[in-house]
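**Q** This is structure_25.pdb, which holds PDB, C-alpha atoms:
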```pdb
ATOM      1  CA  MET A   1       2.749 -53.761  -4.255
ATOM      2  CA  ILE A   2      -0.097 -52.804  -1.882
ATOM      3  CA  LYS A   3       2.353 -52.572   1.024
ATOM      4  CA  THR A   4       4.585 -50.209  -0.995
ATOM      5  CA  VAL A   5       1.651 -47.979  -1.963
ATOM      6  CA  LEU A   6       0.436 -47.909   1.634
ATOM      7  CA  THR A   7       3.921 -47.038   2.896
ATOM      8  CA  TRP A   8       4.245 -44.173   0.403
ATOM      9  CA  SER A   9       0.729 -42.951   1.233
ATOM     10  CA  LEU A  10       1.470 -42.883   4.962
ATOM     11  CA  ALA A  11       4.800 -41.152   4.334
ATOM     12  CA  GLY A  12       2.975 -38.541   2.243
ATOM     13  CA  LEU A  13       0.490 -37.939   5.050
ATOM     14  CA  GLY A  14       3.348 -37.499   7.498
ATOM     15  CA  LEU A  15       5.022 -34.937   5.232
ATOM     16  CA  ALA A  16       1.738 -33.084   4.742
ATOM     17  CA  ALA A  17       1.173 -32.910   8.498
ATOM     18  CA  GLN A  18       4.744 -31.751   9.060
ATOM     19  CA  ALA A  19       4.385 -29.069   6.379
ATOM     20  CA  GLN A  20       1.245 -27.811   8.130
ATOM     21  CA  MET A  21       3.216 -27.326  11.356
ATOM     22  CA  SER A  22       5.368 -24.649   9.761
ATOM     23  CA  PRO A  23       4.670 -20.983   9.126
ATOM     24  CA  LEU A  24       5.064 -21.473   5.364
ATOM     25  CA  GLY A  25       1.919 -20.826   3.363
ATOM     26  CA  LEU A  26      -0.853 -18.293   2.915
ATOM     27  CA  TRP A  27      -2.313 -16.693   6.063
ATOM     28  CA  ARG A  28      -5.219 -14.391   6.812
ATOM     29  CA  SER A  29      -4.429 -11.731   9.413
ATOM     30  CA  ILE A  30      -7.183 -10.517  11.712
ATOM     31  CA  ASP A  31      -7.649  -6.872  12.717
ATOM     32  CA  ASP A  32      -7.025  -6.349  16.444
ATOM     33  CA  GLU A  33      -9.917  -3.925  16.899
ATOM     34  CA  THR A  34     -12.666  -5.246  14.615
ATOM     35  CA  GLN A  35     -11.689  -8.950  14.685
ATOM     36  CA  GLN A  36     -12.370  -8.991  10.929
ATOM     37  CA  PRO A  37     -10.012 -10.384   8.267
ATOM     38  CA  LYS A  38      -7.525  -7.694   7.320
ATOM     39  CA  ALA A  39      -5.050  -9.074   4.758
ATOM     40  CA  GLU A  40      -3.570 -12.206   3.248
ATOM     41  CA  ILE A  41       0.151 -12.730   3.780
ATOM     42  CA  ARG A  42       2.217 -15.404   2.055
ATOM     43  CA  ILE A  43       5.147 -16.708   4.089
ATOM     44  CA  SER A  44       7.872 -18.470   2.149
ATOM     45  CA  GLN A  45      11.486 -19.411   2.650
ATOM     46  CA  ASN A  46      14.012 -17.119   0.984
ATOM     47  CA  ALA A  47      17.257 -18.132  -0.721
ATOM     48  CA  ALA A  48      19.245 -17.586   2.497
ATOM     49  CA  GLY A  49      16.969 -20.011   4.383
ATOM     50  CA  GLY A  50      15.118 -17.347   6.369
ATOM     51  CA  LEU A  51      11.467 -16.437   6.134
ATOM     52  CA  SER A  52       9.849 -13.829   3.928
ATOM     53  CA  GLY A  53       6.255 -12.694   4.399
ATOM     54  CA  VAL A  54       4.596 -10.618   1.680
ATOM     55  CA  VAL A  55       1.163  -8.957   1.794
ATOM     56  CA  GLU A  56      -0.707 -10.436  -1.178
ATOM     57  CA  LYS A  57      -4.005  -8.639  -0.793
ATOM     58  CA  SER A  58      -6.114  -6.474   1.461
ATOM     59  CA  LEU A  59      -9.387  -7.860   2.792
ATOM     60  CA  LEU A  60     -10.643  -4.571   4.205
ATOM     61  CA  THR A  61     -14.171  -3.656   3.157
ATOM     62  CA  THR A  62     -13.210   0.014   3.009
ATOM     63  CA  PRO A  63      -9.965   0.879   1.236
ATOM     64  CA  SER A  64      -7.102   2.118   3.389
ATOM     65  CA  THR A  65      -6.754   5.879   3.505
ATOM     66  CA  GLU A  66      -2.988   5.325   3.326
ATOM     67  CA  PRO A  67      -2.223   2.582   0.762
ATOM     68  CA  HIS A  68       1.521   3.278   1.118
ATOM     69  CA  CYS A  69       3.798   2.823   4.114
ATOM     70  CA  ASN A  70       4.344   6.525   4.739
ATOM     71  CA  LEU A  71       5.591   5.923   8.292
ATOM     72  CA  CYS A  72       8.231   3.312   7.351
ATOM     73  CA  THR A  73      11.812   4.443   7.890
ATOM     74  CA  ASP A  74      13.717   1.836   5.863
ATOM     75  CA  ASP A  75      13.717   0.785   2.188
ATOM     76  CA  ARG A  76       9.920   0.284   2.372
ATOM     77  CA  LYS A  77       9.185   3.980   2.983
ATOM     78  CA  ASP A  78       6.394   5.257   0.714
ATOM     79  CA  LYS A  79       6.039   1.834  -0.955
ATOM     80  CA  PRO A  80       2.604   0.225  -1.486
ATOM     81  CA  LYS A  81       1.455  -1.977   1.401
ATOM     82  CA  ILE A  82       0.144  -4.571  -1.081
ATOM     83  CA  GLY A  83       3.186  -6.520  -2.258
ATOM     84  CA  MET A  84       5.251  -5.341   0.711
ATOM     85  CA  GLU A  85       7.559  -7.742   2.533
ATOM     86  CA  ILE A  86       6.514  -7.389   6.187
ATOM     87  CA  ILE A  87       8.365 -10.463   7.538
ATOM     88  CA  ARG A  88      12.117 -10.715   7.100
ATOM     89  CA  GLY A  89      14.268 -13.518   8.448
ATOM     90  CA  GLY A  90      13.595 -16.035  11.154
ATOM     91  CA  GLN A  91      14.612 -19.633  11.617
ATOM     92  CA  GLN A  92      13.143 -22.646  13.325
ATOM     93  CA  SER A  93      14.268 -22.729  16.941
ATOM     94  CA  ASN A  94      16.195 -25.916  17.866
ATOM     95  CA  GLY A  95      13.793 -28.332  16.183
ATOM     96  CA  LYS A  96      10.820 -26.842  18.038
ATOM     97  CA  ALA A  97       7.653 -25.638  16.312
ATOM     98  CA  VAL A  98       8.731 -22.023  16.936
ATOM     99  CA  TRP A  99      10.395 -19.698  14.428
ATOM    100  CA  ASP A 100      12.212 -16.639  15.731
ATOM    101  CA  GLY A 101      15.120 -14.343  15.004
ATOM    102  CA  GLY A 102      13.301 -12.400  12.310
ATOM    103  CA  LYS A 103      11.545  -9.054  12.147
ATOM    104  CA  ILE A 104       7.963  -8.075  11.389
ATOM    105  CA  LEU A 105       6.877  -4.666  10.153
ATOM    106  CA  ASP A 106       3.590  -3.080  11.167
ATOM    107  CA  PRO A 107       2.847  -1.010   8.034
ATOM    108  CA  GLU A 108       0.246   0.992   9.965
ATOM    109  CA  ASN A 109       2.875   2.597  12.235
ATOM    110  CA  GLY A 110       6.097   1.870  10.301
ATOM    111  CA  LYS A 111       7.722   0.075  13.247
ATOM    112  CA  ASN A 112       9.771  -3.126  13.083
ATOM    113  CA  TYR A 113       9.441  -5.676  15.875
ATOM    114  CA  SER A 114      11.324  -8.852  16.756
ATOM    115  CA  LEU A 115       9.297 -11.822  15.569
ATOM    116  CA  GLN A 116       8.185 -15.157  16.938
ATOM    117  CA  LEU A 117       5.918 -17.496  14.935
ATOM    118  CA  THR A 118       4.251 -20.572  16.438
ATOM    119  CA  PRO A 119       1.899 -22.822  14.452
ATOM    120  CA  ILE A 120      -1.032 -23.906  16.646
ATOM    121  CA  GLU A 121      -4.104 -26.114  16.305
ATOM    122  CA  GLY A 122      -2.319 -28.558  14.035
ATOM    123  CA  GLY A 123      -1.016 -25.765  11.804
ATOM    124  CA  LYS A 124      -4.469 -24.318  11.066
ATOM    125  CA  LYS A 125      -3.538 -21.129  12.922
ATOM    126  CA  LEU A 126      -0.340 -19.184  13.465
ATOM    127  CA  GLU A 127       0.463 -17.238  16.606
ATOM    128  CA  VAL A 128       2.374 -14.169  15.439
ATOM    129  CA  ARG A 129       4.180 -12.313  18.221
ATOM    130  CA  GLY A 130       5.911  -8.982  17.709
ATOM    131  CA  TYR A 131       8.001  -7.648  20.564
ATOM    132  CA  PHE A 132      10.773  -5.328  21.751
ATOM    133  CA  GLY A 133      13.655  -6.868  23.690
ATOM    134  CA  THR A 134      11.972  -9.894  25.223
ATOM    135  CA  PRO A 135       8.912 -11.837  23.995
ATOM    136  CA  LEU A 136       7.225 -10.854  27.265
ATOM    137  CA  LEU A 137       7.067  -7.220  26.040
ATOM    138  CA  GLY A 138       4.903  -7.374  22.972
ATOM    139  CA  ARG A 139       1.605  -8.442  21.514
ATOM    140  CA  SER A 140       0.305 -11.455  19.658
ATOM    141  CA  GLN A 141      -2.126 -11.989  16.824
ATOM    142  CA  THR A 142      -3.585 -15.249  15.596
ATOM    143  CA  TRP A 143      -3.564 -15.671  11.838
ATOM    144  CA  ILE A 144      -5.654 -18.293  10.054
ATOM    145  CA  ARG A 145      -4.266 -20.546   7.333
ATOM    146  CA  VAL A 146      -5.928 -20.076   3.940
ATOM    147  CA  GLN A 147      -6.652 -23.496   2.400
TER     148      GLN A 147
END
```
Write the structure described by the file as structure tokens, please.

**A**
Amino acid sequence: MIKTVLTWSLAGLGLAAQAQMSPLGLWRSIDDETQQPKAEIRISQNAAGGLSGVVEKSLLTTPSTEPHCNLCTDDRKDKPKIGMEIIRGGQQSNGKAVWDGGKILDPENGKNYSLQLTPIEGGKKLEVRGYFGTPLLGRSQTWIRVQ
């Protein structure tokens, strides 16, 4: 009985650790300029098996002067930034702890970028890379997991 409970407990810990090494969950983005928390984004898996990242709330101390994505050019044009899906698609890359193949929208400039997500520091942080063409031509942000 004790052996069975211990086995299940260890298996549960393994699953919890594995779940932490994925981009799924609630993340706090950090502003590039001020280094202050900017928003909370929930990343989930959609019905097709790709990723979906939705802005759940703003953490800005002063409200945005443009609460809508006025510069977007797709179906998100003029939609509120809160509740907006900014990550679309993406799959885990060959069993590695890297998810790519999706797109990320910067609602501040309305541009879509190719996306690469890499959990780091045991899944406590997420390296979010947006780029054009090759991952070498882009920029990265580090998001922090919300517990």

**Q** Would you tabulate, counting only C-alpha atoms, all residues of region 85-113 of chain A that have an atom at most 10 Å from an atom of region 118-137 of chain A, showing the closest pair of atoms and their distance in Å to one decimal, sorted by chain then ascending number, as JSON lines?

**A**
```
{"residue": "A:Gln92", "atom": "CA", "partner": "A:Thr118", "partner_atom": "CA", "distance": 9.6}
{"residue": "A:Lys96", "atom": "CA", "partner": "A:Thr118", "partner_atom": "CA", "distance": 9.2}
{"residue": "A:Ala97", "atom": "CA", "partner": "A:Thr118", "partner_atom": "CA", "distance": 6.1}
{"residue": "A:Val98", "atom": "CA", "partner": "A:Thr118", "partner_atom": "CA", "distance": 4.7}
{"residue": "A:Trp99", "atom": "CA", "partner": "A:Thr118", "partner_atom": "CA", "distance": 6.5}
{"residue": "A:Asp100", "atom": "CA", "partner": "A:Thr118", "partner_atom": "CA", "distance": 8.9}
{"residue": "A:Gly102", "atom": "CA", "partner": "A:Gly130", "partner_atom": "CA", "distance": 9.8}
{"residue": "A:Lys103", "atom": "CA", "partner": "A:Gly130", "partner_atom": "CA", "distance": 7.9}
{"residue": "A:Ile104", "atom": "CA", "partner": "A:Gly130", "partner_atom": "CA", "distance": 6.7}
{"residue": "A:Leu105", "atom": "CA", "partner": "A:Gly130", "partner_atom": "CA", "distance": 8.8}
{"residue": "A:Asp106", "atom": "CA", "partner": "A:Gly130", "partner_atom": "CA", "distance": 9.1}
{"residue": "A:Asn112", "atom": "CA", "partner": "A:Gly130", "partner_atom": "CA", "distance": 8.4}
{"residue": "A:Tyr113", "atom": "CA", "partner": "A:Gly130", "partner_atom": "CA", "distance": 5.2}
```

**Q** Around the point (13.1, -11.8, 5.4) in the file's coordinates, collect all residues with an atom within 10 Å, using only C-alpha atoms, and return them as a list in words.

**A**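 So the residues meeting the distance criterion are Ile43, Ser44, Gln45, Asn46, Ala47, Ala48, Gly49, Gly50, Leu51, Ser52, Gly53, Val54, Glu85, Ile86, Ile87, Arg88, Gly89, Gly90, Gly102, Lys103 and Ile104 of chain A.
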
**Q** Which residue is closest to Pro23 (chain A)? Choose from A:Thr73, A:Asn94, A:Pro67, A:Ile41 and count only C-alpha atoms.

**A**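 With only C-alpha atoms as the atom set, the closest residue is A:Ile41.
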
**Q** Name every residue that the PyMOL selection byres ((chain A and resi 36) around 12) selects in this structure, writing the answer as JSON, numbers by chain with chains first and numbers rising.

**A** {"A": [28, 29, 30, 31, 32, 33, 34, 35, 37, 38, 39, 58, 59, 60, 61, 142, 143, 144]}

**Q** Would you mind reading off the distance between CA of Leu117 (chain A) and CA of Asn70 (chain A), one decimal, in Å?

**A**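 Atom-to-atom, CA of Leu117 (chain A) to CA of Asn70 (chain A), that is 26.1 Å.
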
**Q** Expressed in Å to a single decimal, how great is the separation between CA of Glu108 (chain A) and CA of Val55 (chain A)?

**A**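 According to the coordinates, CA of Glu108 (chain A) and CA of Val55 (chain A) are separated by 12.9 Å.
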
**Q** Take CA of His68 (chain A) and CA of Gly110 (chain A) and report the distance between them in Å, one decimal.

**A**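 Separation between CA of His68 (chain A) and CA of Gly110 (chain A): 10.4 Å.
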
**Q** Which residue is closest to Cys69 (chain A)? Choose from A:Gln91, A:Ser114, A:Ser140, A:Asn109 and count all atoms listed in the file.

**A**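 Looking at the shortest contact to Cys69 (chain A), the residue is A:Asn109.
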
**Q** Counting all atoms listed in the file, figure out which residue out of A:Gly25, A:Gly138, A:Gly83, A:Gly95 gets nearest to Leu115 (chain A).

**A** A:Gly138

**Q** Could you tell me which of A:Glu66, A:Arg145, A:Pro107, A:Gln116 comes closest to Met21 (chain A) if we count all atoms listed in the file?

**A**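 Smallest separation from Met21 (chain A) among the options: A:Arg145.
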
**Q** Box time for region 71-89 of chain A: axis-aligned, enclosing all its listed atoms, 4 Å extra on each side; report centre and edge lengths in Å to one decimal, as AutoDock Vina command-line options.

**A**
```
--center_x 7.2 --center_y -3.8 --center_z 3.1 --size_x 22.1 --size_y 27.4 --size_z 18.7
```

**Q** Restricting the calculation to only C-alpha atoms: of A:Gly101, A:Ser93, A:Lys77, A:Lys111, which residue gets closest to Ser22 (chain A)?

**A**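 Among the listed residues, A:Ser93 lies closest to Ser22 (chain A).
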